[in-house]
Each structure stands twice: as C-alpha cells, then as structure tokens.
Amino acid sequence: MKIQEIRSYIDKLNRGKNKDTIFTRRIAKSVEVAKVWNTARNNPQGYVGNFFFILNNEGEYVGAIYDMGWDLHWYIVPKHRGKGHLTKALRKAILPHIFHIGRDEQKISIELNAIGSKNYNSSKKVATSLGFIPIDGSDSEFVLKATEFDNSHDQRSECNSSITNERLEEIKDKIDQAYELISSVRDELLLTYGEDIELTDLAHRARTYNYRIEDLMWKHRDLS
C-alpha cells in the first residue's frame with residue numbers, strides 16, 4: 001500500500017469524513033483499531049484492510065499502521081515525527097492488542113531502498129527498541145515473539161465508539177438496501193434457472209437484522 005493512500009485515511013479522520021469508510025474502536029487513549037473500506041463505485045476492492053490509527057494528546061490523528069497480519073506498515077505525518085508517537089503506541093497498545101488476539105509472533109519488513117536511509121534508520125530504531133530482532137541476520141526483516149515482548153507497559157482500555165440515532169437509521173437503510181439487492185438477484189436467478197439457491201431465506205434473514213440493531217441500540221442505551 002502506498003504512503004499516499006495511508007495518509008489519505010489519516011486526513012479523512014481529521015476532517016471527519018470517514019462515516020462510510022473507516023470504522024474505529026478506541027483501545028487506548030492514543031490508539032484506535034479500525035477497518036477501512038473503499039466504497040467508490042469504480043473501486044472493485046471494497047474492503048481495504050485492518051489498521052491502527054494513532055492520536056496525539058490533542059486528539060489529532062498523527063499516524064497509522066496498516067496491519068497485514070504477516071507485516072506491519074507504519075506511517076507518521078512528517079510534522080509529528082520524532083515525538084515518540086509511534087513507539088509509545090506500539091509499546092502501550094498495538095503490540096499488546098496483537099498478541100492478545102492470539103498471534104504468537106509479529107514480523108515486520110523495513111526496506112532501505114523503498115523508504116530511504118533516514119526513514120530506514122528511524123524505523124529500525126523503533127523496532128529494535130521494542131524487541132524486534134533480525135531474521136537470519138537480515139537487514140530488512142525482523143520478528144518479535146509474544147513470549148519475548150515486555151507487556152508491563154500495556155495501557156489498553158477498550159471502549160465503545162459513539163453513534164447517533166441518525167447514523168443508526170442510515171445503517172438500517174443499508175440493511176433494507178441489502179434486502180432489496182439480494183431479492184432482485186434472487187428473482188433474476190429464479191426466472192432464469194428456476195432456482196433461487198436459497199437467496200429467499202438469505203434476504204429474509206438480512207431484513208431481520210434491523211430488529212437486532214434496534215435491540216443492540218436499546219441494550220447499550222440501558223448500560224450507558
């Protein structure tokens with residue numbers, strides 16, 4: 001993934017333009033875990049991937065980590081570099097979260113030719129300070145095993161995100177749209193082949209999720 005794309009997600013969050021594309025959950029004061037989507041009509045990709053977004057003390061998004069599972073690709077906005085945001089977020093929240101969800105180890109790659117010597121040295125310094133070690137003497141691939149990570153700095157404090165009643169209604173509208181889309185595909189297949197491949201059941205199940213969303217809303221309203 002290109003740096004420009006990651007930066008665009010950070011900018012979207014800071015502008016509050018992420019309603020339909022970036023869904024976040026706070027896992028620490030300065031870190032949110034997220035799922036990113038691209039809903040543009042001309043984009044065949046749809047789901048982009050898992051991310052961590054890093055905030056400063058003022059609540060501004062200053063960086064992001066693209067979590068590919070087998071690798072982490074991080075980026076900090078230039079004016080916020082050198083302030084320890086990345087190291088603190090990794091040590092206090094991101095790596096504890098990654099190992100908590102069941103990974104036995106985390107690998108990263110830092111390519112000198114791809115990012116230049118200055119960024120390479122900075123990223124390597126961050127990685128080694130957290131306990132990452134070179135794989136087979138490599139200068140570009142590093143690994144940190146869960147059993148060797150110092151978890152004493154864990155400051156995770158997970159909490160629900162806020163959502164307005166207006167947004168909940170928009171979500172329910174999406175469910176209705178999904179019902180109509182599935183139903184239209186069902187009708188086309190039924191009249192073409194004489195079979196609906198169980199899409200009738202799927203459409204009806206989709207519609208029931210509006211009631212489940214309402215139940216979820218009332219459940220958490222009672223807990224707040």
# chains A, B, ... in the order shown; residues from 1 in each chain; ligands from 1
>>> residues_around(residues="stretch 170-172 of chain A", least_positions_apart="2", cutoff="10 Å", atoms="only C-alpha atoms", output="ChimeraX atom specification")
/A:20,164-168,174-178,207,209-211,213-214
>>> residues_around(residues="A:Ser138", least_positions_apart="4", cutoff="12 Å", atoms="only C-alpha atoms", output="list in words")
Ile108, Ser109, Ile110, Glu111, Leu112, Lys124, Phe132, Ile133, Pro134, Phe142 and Val143 of chain A
>>> write_last_selection(atoms="C-alpha atoms", output="short mmCIF file (atom, residue, chain, number, x, y, z; two decimals), in the first residue's frame")
data_model
loop_
_atom_site.label_atom_id
_atom_site.label_comp_id
_atom_site.auth_asym_id
_atom_site.auth_seq_id
_atom_site.Cartn_x
_atom_site.Cartn_y
_atom_site.Cartn_z
CA ILE A 108 7.85 -6.54 10.04
CA SER A 109 9.83 -5.58 6.97
CA ILE A 110 11.84 -2.37 6.66
CA GLU A 111 13.18 -1.86 3.15
CA LEU A 112 16.09 0.58 2.82
CA LYS A 124 14.79 0.19 12.65
CA PHE A 132 12.25 -6.93 17.28
CA ILE A 133 15.31 -8.87 16.12
CA PRO A 134 16.62 -9.51 12.58
CA PHE A 142 12.50 -8.52 11.82
CA VAL A 143 10.42 -10.57 14.24
#
>>> closest_residue(among="A:Glu58, A:Glu158, A:Asp187, A:Glu169", to="A:Arg25", atoms="only C-alpha atoms")
A:Glu158
>>> residues_around(residues="stretch 3-18 of chain A", least_positions_apart="6", cutoff="8 Å", atoms="only C-alpha atoms", output="PyMOL selection string")
chain A and resi 53+60-64+66+75+77
>>> select_by_dssp(residues="stretch 1-219 of chain A", states="alpha helix (DSSP H)", output="PyMOL selection string")
chain A and resi 3-15+85-89+95-100+112-130+165-193+199-219
>>> atom_distance(atom1="atom CA of A:Lys88", atom2="atom CA of A:Glu141")
21.3 Å
>>> closest_residue(among="A:Lys79, A:Gly84, A:Thr192, A:Ser140", to="A:Ala114", atoms="only C-alpha atoms")
A:Ser140
>>> closest_residue(among="A:Leu95, A:Ala89, A:Val36, A:Met68", to="A:Val48", atoms="only C-alpha atoms")
A:Val36
>>> atom_distance(atom1="atom CA of A:Phe149", atom2="atom CA of A:Glu105")
9.3 Å
>>> residues_around(residues="A:Arg103", least_positions_apart="2", cutoff="10 Å", atoms="only C-alpha atoms", output="PyMOL selection string")
chain A and resi 69-70+95+97-101+105-106+145-146
>>> residues_around(residues="A:Phe51", least_positions_apart="2", cutoff="6 Å", atoms="only C-alpha atoms", output="JSON, numbers by chain")
{"A": [33, 34, 65, 66, 67]}
>>> write_last_selection(atoms="all heavy atoms", output="JSON list (two decimals), in the first residue's frame")
[["chain", "number", "residue", "atom", "x", "y", "z"],
["A", 33, "VAL", "N", -8.25, 0.98, 16.84],
["A", 33, "VAL", "CA", -8.18, -0.09, 15.85],
["A", 33, "VAL", "C", -9.31, 0.16, 14.86],
["A", 33, "VAL", "O", -10.37, 0.68, 15.23],
["A", 33, "VAL", "CB", -8.33, -1.48, 16.52],
["A", 33, "VAL", "CG1", -9.69, -1.65, 17.20],
["A", 33, "VAL", "CG2", -8.09, -2.60, 15.53],
["A", 34, "ALA", "N", -9.08, -0.16, 13.59],
["A", 34, "ALA", "CA", -10.06, 0.22, 12.57],
["A", 34, "ALA", "C", -10.12, -0.79, 11.43],
["A", 34, "ALA", "O", -9.17, -1.53, 11.17],
["A", 34, "ALA", "CB", -9.71, 1.61, 12.01],
["A", 65, "ILE", "N", -0.95, 2.56, 11.18],
["A", 65, "ILE", "CA", -0.25, 1.31, 10.91],
["A", 65, "ILE", "C", -1.22, 0.40, 10.16],
["A", 65, "ILE", "O", -2.32, 0.10, 10.64],
["A", 65, "ILE", "CB", 0.20, 0.62, 12.21],
["A", 65, "ILE", "CG1", 1.25, 1.49, 12.93],
["A", 65, "ILE", "CG2", 0.77, -0.77, 11.91],
["A", 65, "ILE", "CD1", 1.73, 0.90, 14.24],
["A", 66, "TYR", "N", -0.80, -0.02, 8.99],
["A", 66, "TYR", "CA", -1.57, -0.97, 8.19],
["A", 66, "TYR", "C", -1.20, -2.36, 8.65],
["A", 66, "TYR", "O", -0.04, -2.78, 8.54],
["A", 66, "TYR", "CB", -1.26, -0.76, 6.71],
["A", 66, "TYR", "CG", -1.90, -1.73, 5.75],
["A", 66, "TYR", "CD1", -3.17, -2.25, 6.00],
["A", 66, "TYR", "CD2", -1.24, -2.11, 4.59],
["A", 66, "TYR", "CE1", -3.76, -3.14, 5.11],
["A", 66, "TYR", "CE2", -1.83, -2.99, 3.68],
["A", 66, "TYR", "CZ", -3.09, -3.51, 3.95],
["A", 66, "TYR", "OH", -3.67, -4.37, 3.06],
["A", 67, "ASP", "N", -2.16, -3.09, 9.20],
["A", 67, "ASP", "CA", -1.91, -4.40, 9.78],
["A", 67, "ASP", "C", -2.24, -5.47, 8.74],
["A", 67, "ASP", "O", -3.41, -5.81, 8.52],
["A", 67, "ASP", "CB", -2.78, -4.58, 11.03],
["A", 67, "ASP", "CG", -2.58, -5.94, 11.68],
["A", 67, "ASP", "OD1", -1.66, -6.67, 11.27],
["A", 67, "ASP", "OD2", -3.35, -6.25, 12.60]]
>>> closest_residue(among="A:Ser157, A:Asn119, A:Asp139, A:Glu198", to="A:Ser30", atoms="only C-alpha atoms")
A:Ser157
>>> closest_residue(among="A:Ile182, A:Ile135, A:Leu190, A:Ile54", to="A:Arg205", atoms="only C-alpha atoms")
A:Ile182
>>> residues_around(residues="A:Arg186", least_positions_apart="2", cutoff="7 Å", atoms="only C-alpha atoms", output="list in words")
Ile182, Ser183, Ser184, Glu188, Leu189, Leu190, Asp196, Leu199 and Thr200 of chain A
>>> write_last_selection(atoms="N, CA and C atoms", output="PDB file, in the first residue's frame")
ATOM      1  N   ILE A 182     -30.450  -8.368  -2.701  1.00  0.00           N
ATOM      2  CA  ILE A 182     -30.471  -9.831  -2.679  1.00  0.00           C
ATOM      3  C   ILE A 182     -31.760 -10.345  -3.330  1.00  0.00           C
ATOM      4  N   SER A 183     -32.864  -9.664  -3.047  1.00  0.00           N
ATOM      5  CA  SER A 183     -34.144 -10.097  -3.610  1.00  0.00           C
ATOM      6  C   SER A 183     -34.160  -9.970  -5.126  1.00  0.00           C
ATOM      7  N   SER A 184     -33.546  -8.912  -5.652  1.00  0.00           N
ATOM      8  CA  SER A 184     -33.532  -8.733  -7.106  1.00  0.00           C
ATOM      9  C   SER A 184     -32.676  -9.806  -7.783  1.00  0.00           C
ATOM     10  N   GLU A 188     -33.975 -12.752 -10.486  1.00  0.00           N
ATOM     11  CA  GLU A 188     -33.354 -12.988 -11.788  1.00  0.00           C
ATOM     12  C   GLU A 188     -32.939 -14.453 -11.939  1.00  0.00           C
ATOM     13  N   LEU A 189     -32.332 -15.011 -10.902  1.00  0.00           N
ATOM     14  CA  LEU A 189     -31.918 -16.415 -10.969  1.00  0.00           C
ATOM     15  C   LEU A 189     -33.119 -17.346 -11.027  1.00  0.00           C
ATOM     16  N   LEU A 190     -34.161 -16.994 -10.270  1.00  0.00           N
ATOM     17  CA  LEU A 190     -35.349 -17.832 -10.235  1.00  0.00           C
ATOM     18  C   LEU A 190     -36.015 -17.902 -11.606  1.00  0.00           C
ATOM     19  N   ASP A 196     -33.592 -20.467  -6.788  1.00  0.00           N
ATOM     20  CA  ASP A 196     -33.169 -19.222  -6.123  1.00  0.00           C
ATOM     21  C   ASP A 196     -31.932 -19.421  -5.253  1.00  0.00           C
ATOM     22  N   LEU A 199     -31.567 -17.858  -1.838  1.00  0.00           N
ATOM     23  CA  LEU A 199     -31.454 -16.409  -1.634  1.00  0.00           C
ATOM     24  C   LEU A 199     -32.708 -15.828  -0.978  1.00  0.00           C
ATOM     25  N   THR A 200     -33.844 -16.499  -1.120  1.00  0.00           N
ATOM     26  CA  THR A 200     -35.057 -16.028  -0.439  1.00  0.00           C
ATOM     27  C   THR A 200     -34.849 -16.044   1.070  1.00  0.00           C
TER      28      THR A 200
END
